[in-house]
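Quick look at entry-v3.cif (mmCIF, C-alpha atoms and all ligand atoms):
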data_model
loop_
_atom_site.label_atom_id
_atom_site.label_comp_id
_atom_site.auth_asym_id
_atom_site.auth_seq_id
_atom_site.Cartn_x
_atom_site.Cartn_y
_atom_site.Cartn_z
CA MET A 1 89.11 140.40 119.79
CA ARG A 2 87.69 137.68 122.04
CA GLU A 3 89.21 137.53 125.50
CA ILE A 4 90.38 133.93 125.18
CA LEU A 5 92.53 134.93 122.18
CA GLN A 6 94.30 137.81 123.97
CA GLN A 7 96.79 135.41 125.56
CA VAL A 8 97.53 133.41 122.38
CA LYS A 9 101.17 133.58 121.19
CA CYS A 10 101.04 130.94 118.48
CA PHE A 11 98.37 129.89 116.00
CA LEU A 12 98.53 126.34 114.64
CA LEU A 13 96.76 126.26 111.30
CA ASP A 14 95.19 123.33 109.57
CA MET A 15 95.42 123.82 105.82
CA ASP A 16 92.76 122.16 103.62
CA GLY A 17 89.34 123.47 104.61
CA THR A 18 90.86 126.17 106.85
CA ILE A 19 93.07 128.43 104.73
CA TYR A 20 92.29 126.94 101.32
CA LEU A 21 89.71 124.65 99.84
CA ASP A 22 91.22 122.31 97.25
CA ASN A 23 93.41 124.87 95.50
CA GLU A 24 91.37 128.01 96.16
CA VAL A 25 92.43 130.34 98.95
CA ILE A 26 89.54 131.02 101.32
CA ASP A 27 88.41 134.66 101.08
CA GLY A 28 90.46 136.86 103.39
CA ALA A 29 92.68 134.01 104.63
CA ILE A 30 95.98 135.59 103.58
CA ASP A 31 95.22 138.84 105.45
CA ALA A 32 93.94 136.85 108.43
CA VAL A 33 97.21 134.88 108.61
CA ASN A 34 99.20 138.13 108.37
CA ARG A 35 97.24 139.59 111.29
CA MET A 36 98.03 136.43 113.28
CA ARG A 37 101.72 136.97 112.52
CA GLU A 38 101.44 140.44 114.06
CA LYS A 39 100.11 138.86 117.25
CA GLY A 40 102.50 135.92 117.47
CA ARG A 41 103.77 132.94 115.57
CA VAL A 42 101.96 131.01 112.89
CA ILE A 43 102.59 127.34 112.20
CA PHE A 44 100.99 125.47 109.32
CA LEU A 45 100.40 122.04 110.80
CA THR A 46 99.83 118.93 108.72
CA ASN A 47 99.46 115.24 109.47
CA ASN A 48 100.87 114.37 106.05
CA SER A 49 104.38 112.90 106.41
CA SER A 50 104.98 112.14 102.71
CA SER A 51 106.08 115.66 101.71
CA SER A 52 108.84 117.80 103.15
CA ARG A 53 108.60 121.21 104.76
CA ASP A 54 110.07 122.73 101.58
CA ALA A 55 107.29 121.25 99.46
CA TYR A 56 104.68 122.81 101.74
CA VAL A 57 106.45 126.17 101.76
CA THR A 58 106.48 126.15 97.95
CA ARG A 59 102.79 125.19 97.80
CA LEU A 60 101.77 127.82 100.38
CA ASN A 61 103.76 130.52 98.65
CA LYS A 62 102.23 129.73 95.28
CA LEU A 63 98.91 130.49 96.94
CA GLY A 64 100.30 133.76 98.37
CA PHE A 65 100.87 132.94 102.05
CA ASN A 66 104.56 133.96 102.18
CA ALA A 67 105.41 131.07 104.47
CA THR A 68 108.91 130.38 105.77
CA ASP A 69 110.51 127.04 106.57
CA ASP A 70 110.01 127.40 110.31
CA GLU A 71 106.31 128.07 109.83
CA VAL A 72 105.62 124.53 108.58
CA PHE A 73 105.44 121.51 110.85
CA THR A 74 104.50 118.04 109.57
CA SER A 75 103.76 114.87 111.53
CA GLY A 76 107.14 113.71 110.21
CA ASN A 77 108.84 116.65 111.94
CA ALA A 78 106.84 115.91 115.10
CA THR A 79 107.98 112.29 115.00
CA VAL A 80 111.62 113.35 114.69
CA GLU A 81 111.22 115.66 117.71
CA TYR A 82 109.54 112.87 119.64
CA LEU A 83 112.35 110.42 118.82
CA LYS A 84 114.97 112.94 119.93
CA ALA A 85 113.19 113.47 123.24
CA HIS A 86 112.38 109.83 124.01
CA TYR A 87 114.56 107.52 121.87
CA GLU A 88 117.89 109.32 121.68
CA GLY A 89 120.62 107.15 120.12
CA LYS A 90 118.27 104.28 119.19
CA ARG A 91 118.48 102.48 115.86
CA ILE A 92 115.47 103.55 113.78
CA TYR A 93 114.10 101.74 110.73
CA LEU A 94 112.05 104.19 108.68
CA PHE A 95 109.29 103.14 106.29
CA GLY A 96 108.77 106.44 104.48
CA THR A 97 109.40 108.54 101.39
CA LYS A 98 112.82 109.73 100.26
CA SER A 99 111.89 113.21 101.40
CA LEU A 100 111.05 111.95 104.92
CA HIS A 101 114.39 110.10 104.98
CA ARG A 102 116.12 113.38 104.10
CA GLU A 103 114.29 115.22 106.89
CA PHE A 104 115.32 112.55 109.43
CA ILE A 105 118.95 112.76 108.33
CA ALA A 106 118.94 116.58 108.34
CA SER A 107 117.66 116.46 111.94
CA GLY A 108 120.41 114.09 113.04
CA ILE A 109 118.64 110.74 112.87
CA THR A 110 120.09 108.39 110.25
CA PRO A 111 117.71 105.47 109.64
CA VAL A 112 119.26 101.98 109.70
CA ASP A 113 118.61 98.94 107.52
CA ASP A 114 119.08 96.15 110.06
CA ASN A 115 118.73 95.38 113.77
CA PRO A 116 116.40 98.30 114.53
CA ASP A 117 115.34 99.17 118.10
CA LEU A 118 112.28 100.95 116.79
CA ILE A 119 110.30 101.29 113.57
CA VAL A 120 108.69 104.46 112.24
CA LEU A 121 105.79 104.09 109.83
CA GLY A 122 105.40 107.20 107.68
CA PHE A 123 103.10 107.96 104.75
CA HIS A 124 105.14 106.04 102.18
CA THR A 125 103.99 106.64 98.62
CA GLU A 126 107.10 105.18 96.94
CA PHE A 127 107.61 101.74 98.53
CA ASP A 128 108.23 98.44 96.84
CA TYR A 129 106.84 95.18 98.14
CA ASN A 130 110.16 93.99 99.60
CA GLU A 131 110.21 96.99 101.90
CA LEU A 132 106.71 96.19 103.13
CA GLU A 133 107.72 92.58 103.74
CA LYS A 134 110.81 93.69 105.66
CA LEU A 135 108.76 96.08 107.77
CA CYS A 136 106.29 93.33 108.71
CA ASN A 137 109.13 90.91 109.48
CA PHE A 138 110.73 93.35 111.94
CA ILE A 139 107.36 93.91 113.60
CA ARG A 140 106.67 90.17 113.78
CA GLU A 141 110.08 89.73 115.42
CA GLY A 142 108.92 92.08 118.18
CA VAL A 143 110.44 95.44 117.22
CA PRO A 144 108.03 98.14 118.52
CA TYR A 145 106.68 100.60 116.01
CA ILE A 146 105.29 104.11 116.01
CA ALA A 147 103.26 105.77 113.26
CA THR A 148 103.53 109.39 112.14
CA HIS A 149 99.74 109.97 112.05
CA PRO A 150 96.42 108.10 112.15
CA ASP A 151 94.59 109.28 108.97
CA ILE A 152 93.08 106.36 107.08
CA ASN A 153 92.71 108.16 103.75
CA CYS A 154 94.29 111.23 102.20
CA PRO A 155 92.09 113.44 100.01
CA THR A 156 93.04 113.70 96.32
CA ALA A 157 91.47 115.34 93.28
CA ARG A 158 89.78 112.01 92.45
CA GLY A 159 88.68 111.19 95.96
CA TYR A 160 91.04 109.42 98.36
CA LYS A 161 94.28 107.47 98.53
CA PRO A 162 95.24 105.03 101.31
CA ASP A 163 97.09 106.79 104.13
CA VAL A 164 98.99 105.61 107.21
CA GLY A 165 95.86 104.43 109.04
CA ALA A 166 95.20 101.97 106.22
CA PHE A 167 98.78 100.69 106.53
CA ILE A 168 98.31 100.27 110.29
CA ALA A 169 95.31 98.03 109.49
CA LEU A 170 97.31 96.05 106.92
CA ILE A 171 100.18 95.54 109.36
CA GLU A 172 97.76 94.46 112.07
CA LYS A 173 96.17 91.91 109.71
CA SER A 174 99.56 90.50 108.82
CA THR A 175 101.31 90.61 112.21
CA GLY A 176 98.60 91.10 114.84
CA VAL A 177 100.50 94.13 116.16
CA LEU A 178 99.34 97.72 116.57
CA PRO A 179 101.64 100.76 116.88
CA THR A 180 102.72 101.68 120.40
CA LEU A 181 102.25 105.36 119.56
CA VAL A 182 100.72 107.53 116.81
CA CYS A 183 102.22 111.04 116.65
CA GLY A 184 99.90 113.22 114.53
CA LYS A 185 96.66 115.05 115.26
CA PRO A 186 94.51 114.47 117.34
CA ASN A 187 97.11 112.81 119.58
CA ARG A 188 99.39 114.35 122.19
CA PRO A 189 102.89 113.77 120.75
CA ILE A 190 102.67 116.33 117.93
CA GLY A 191 101.27 118.83 120.43
CA GLU A 192 104.06 118.07 122.89
CA SER A 193 106.65 118.60 120.14
CA VAL A 194 105.15 121.98 119.25
CA GLU A 195 105.08 123.07 122.90
CA ARG A 196 108.69 122.03 123.40
CA LEU A 197 109.87 123.77 120.22
CA LEU A 198 108.07 127.00 121.03
CA GLY A 199 108.60 127.01 124.78
CA LEU A 200 104.96 128.05 125.28
CA LYS A 201 102.23 126.99 127.70
CA SER A 202 99.25 125.17 126.28
CA HIS A 203 96.81 128.08 126.82
CA GLU A 204 99.13 130.30 124.76
CA ILE A 205 98.62 128.07 121.71
CA ALA A 206 95.50 128.03 119.52
CA MET A 207 94.56 125.38 116.99
CA VAL A 208 92.50 126.54 114.02
CA GLY A 209 90.80 123.84 111.98
CA ASP A 210 87.72 122.60 110.13
CA ARG A 211 87.62 119.02 111.40
CA LEU A 212 86.22 118.18 114.80
CA SER A 213 87.66 114.66 115.07
CA THR A 214 91.23 115.79 114.36
CA ASP A 215 91.79 119.55 114.75
CA ILE A 216 89.34 120.32 117.55
CA ARG A 217 89.90 117.02 119.36
CA PHE A 218 93.63 117.76 119.12
CA ALA A 219 93.10 121.15 120.81
CA TYR A 220 91.06 119.46 123.59
CA ASN A 221 93.68 116.71 124.10
CA ASN A 222 96.46 119.28 124.47
CA GLY A 223 94.67 122.05 126.36
CA PHE A 224 95.06 124.45 123.42
CA VAL A 225 92.50 127.14 122.59
CA SER A 226 90.19 125.62 119.95
CA ILE A 227 89.07 127.67 116.96
CA PHE A 228 86.58 125.85 114.75
CA VAL A 229 85.99 127.21 111.23
CA LEU A 230 82.91 126.29 109.22
CA SER A 231 84.66 126.68 105.84
CA GLY A 232 85.51 122.99 105.45
CA GLU A 233 84.31 119.61 106.61
CA GLY A 234 82.74 120.05 110.05
CA THR A 235 79.30 121.54 110.78
CA LEU A 236 77.86 123.47 113.70
CA ALA A 237 75.37 120.65 114.37
CA GLU A 238 78.25 118.17 114.74
CA ALA A 239 80.11 120.56 117.07
CA GLN A 240 77.03 120.75 119.29
CA LYS A 241 77.20 116.98 119.75
CA MET A 242 80.69 117.14 121.28
CA GLU A 243 81.09 117.07 125.07
CA ARG A 244 81.76 120.80 124.91
CA MET A 245 81.70 123.43 122.20
CA PRO A 246 84.97 124.67 120.68
CA ASP A 247 86.19 127.88 122.36
CA VAL A 248 85.60 129.92 119.21
CA VAL A 249 83.38 129.09 116.21
CA LEU A 250 83.81 131.16 113.03
CA PRO A 251 82.33 131.14 109.52
CA THR A 252 85.92 131.35 108.16
CA ILE A 253 89.40 132.16 109.42
CA ALA A 254 88.99 135.72 108.09
CA HIS A 255 86.83 136.54 111.15
CA TRP A 256 89.27 135.40 113.87
CA ASP A 257 90.01 138.80 115.42
CA GLU A 258 86.56 140.36 115.28
MG MG B 301 91.23 120.44 107.24
#
So that I can check it, write out the structure of this file as structure tokens.
Amino acid sequence: MREILQQVKCFLLDMDGTIYLDNEVIDGAIDAVNRMREKGRVIFLTNNSSSSRDAYVTRLNKLGFNATDDEVFTSGNATVEYLKAHYEGKRIYLFGTKSLHREFIASGITPVDDNPDLIVLGFHTEFDYNELEKLCNFIREGVPYIATHPDINCPTARGYKPDVGAFIALIEKSTGVLPTLVCGKPNRPIGESVERLLGLKSHEIAMVGDRLSTDIRFAYNNGFVSIFVLSGEGTLAEAQKMERMPDVVLPTIAHWDE
């Protein structure tokens, strides 16, 4: 095993392109994840805030990963942790799915309908137009807002669907206002939340992912060990254009402990 990985106590795993590709498990990924569990903790990390932890656990287990609830962390969970640390007791208006509402409530934050101190923009796939209007009105009135993650599009079987980043652009067009903070990868807040939850130092955490602009940039921004896998979107040529190479570059996750 490479020296830089000796000290790692938690592996943060990107999913699509890293442990599976569309709905196919990458060869050897299940065993690789099990070997990581022998070394420390494993957390499946996703920027998507439209589904709950449960939904991811179900999906991962259908593929054979035997994941537990505390092994999944979404940008929605990160946002909740961030709010608890920095906005305790504030009135939060949440623009998000029913499942994100349930996760907020289960974590002790009950979203309000009026007079918010702060707005959270999640990946809302169930909204009606009145909700969007209300959201923009609050923002226009000067209520600050934070977004769960920056992704502009979310991959689907047909191509893409508009994600939070596209909503940020819409809100900016309508109100002229940008979010004060965006929690998900590659930004610091989701990393901070993970560190706080695990009680680990940054060099004890490794991020494994296939995208340079999110996963690897996220590792750099947080001081995590960066493990770049070539099984998904990013290429070696693109990695060589970064200001420094990822700490570890692998054909697939199956090779992490060679
Ligand atoms: Mg990926």
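A distance search around ligand MG 301 (chain B) (6 Å at most, only C-alpha atoms and all ligand atoms) returns the following protein and nucleic acid residues: Asp14, Met15, Asp16, Gly17, Thr18, Gly209, Asp210 and Arg211 of chain A.
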Of the candidates A:Cys10, A:Leu198, A:Leu181, A:Leu63, which shows the shortest atom-to-atom distance to A:His86, using all atoms listed in the file?
A:Leu181
Which neighbours of A:Leu45 fall inside 10 Å, counting only C-alpha atoms, when residues of the same chain fewer than 2 positions from it are skipped, and could you give them as a PyMOL selection string?
chain A and resi 11-15+42-43+47-48+71-75+78+184-185+190+194+207-209+215
For the selection just defined, write its residues with C-alpha atoms to a file, as a PDB file, in the coordinates of the input.
ATOM      1  CA  PHE A  11      98.370 129.890 116.000  1.00  0.00           C
ATOM      2  CA  LEU A  12      98.530 126.340 114.640  1.00  0.00           C
ATOM      3  CA  LEU A  13      96.760 126.260 111.300  1.00  0.00           C
ATOM      4  CA  ASP A  14      95.190 123.330 109.570  1.00  0.00           C
ATOM      5  CA  MET A  15      95.420 123.820 105.820  1.00  0.00           C
ATOM      6  CA  VAL A  42     101.960 131.010 112.890  1.00  0.00           C
ATOM      7  CA  ILE A  43     102.590 127.340 112.200  1.00  0.00           C
ATOM      8  CA  ASN A  47      99.460 115.240 109.470  1.00  0.00           C
ATOM      9  CA  ASN A  48     100.870 114.370 106.050  1.00  0.00           C
ATOM     10  CA  GLU A  71     106.310 128.070 109.830  1.00  0.00           C
ATOM     11  CA  VAL A  72     105.620 124.530 108.580  1.00  0.00           C
ATOM     12  CA  PHE A  73     105.440 121.510 110.850  1.00  0.00           C
ATOM     13  CA  THR A  74     104.500 118.040 109.570  1.00  0.00           C
ATOM     14  CA  SER A  75     103.760 114.870 111.530  1.00  0.00           C
ATOM     15  CA  ALA A  78     106.840 115.910 115.100  1.00  0.00           C
ATOM     16  CA  GLY A 184      99.900 113.220 114.530  1.00  0.00           C
ATOM     17  CA  LYS A 185      96.660 115.050 115.260  1.00  0.00           C
ATOM     18  CA  ILE A 190     102.670 116.330 117.930  1.00  0.00           C
ATOM     19  CA  VAL A 194     105.150 121.980 119.250  1.00  0.00           C
ATOM     20  CA  MET A 207      94.560 125.380 116.990  1.00  0.00           C
ATOM     21  CA  VAL A 208      92.500 126.540 114.020  1.00  0.00           C
ATOM     22  CA  GLY A 209      90.800 123.840 111.980  1.00  0.00           C
ATOM     23  CA  ASP A 215      91.790 119.550 114.750  1.00  0.00           C
TER      24      ASP A 215
END
Given all atoms listed in the file as the basis, pick out the residue of A:Leu135, A:Leu250, A:Ile205, A:Ile109 nearest to A:Glu172.
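Among the listed residues, A:Leu135 lies closest to A:Glu172.
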Work out how far apart atom CA of A:Asn23 and atom CA of A:Leu121 are and give it in Å to one decimal.
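Between atom CA of A:Asn23 and atom CA of A:Leu121 the gap works out to 28.1 Å.
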Using all atoms listed in the file for the distances, tell me which of A:His149, A:Arg102, A:Lys9, A:Lys134 is nearest to A:Ser49.
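The shortest atom-to-atom distance to A:Ser49 comes from A:His149.
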Who sits within 9 Å of stretch 123-125 of chain A, all atoms listed in the file, same chain under 6 positions skipped, as a ChimeraX atom specification
/A:48-51,76,95-98,100,147-149,163-164,167
Within 8 Å of A:Gly165, counting all atoms listed in the file, which residues show up once you throw out same-chain ones fewer than 4 positions away? Write them as number ranges by chain, please.
A: 149-153, 169
Can you tell me how far atom CA of A:Ser193 sits from atom CA of A:Arg217, in Å to one decimal?
16.8 Å
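For the pair atom CA of A:His101 and atom CA of A:Arg196, the separation is 22.7 Å.
Compared by their closest atoms to A:Cys154, and using all atoms listed in the file, the residues A:Ala166, A:Ile30, A:Leu5, A:Ile119 rank with A:Ala166 nearest.
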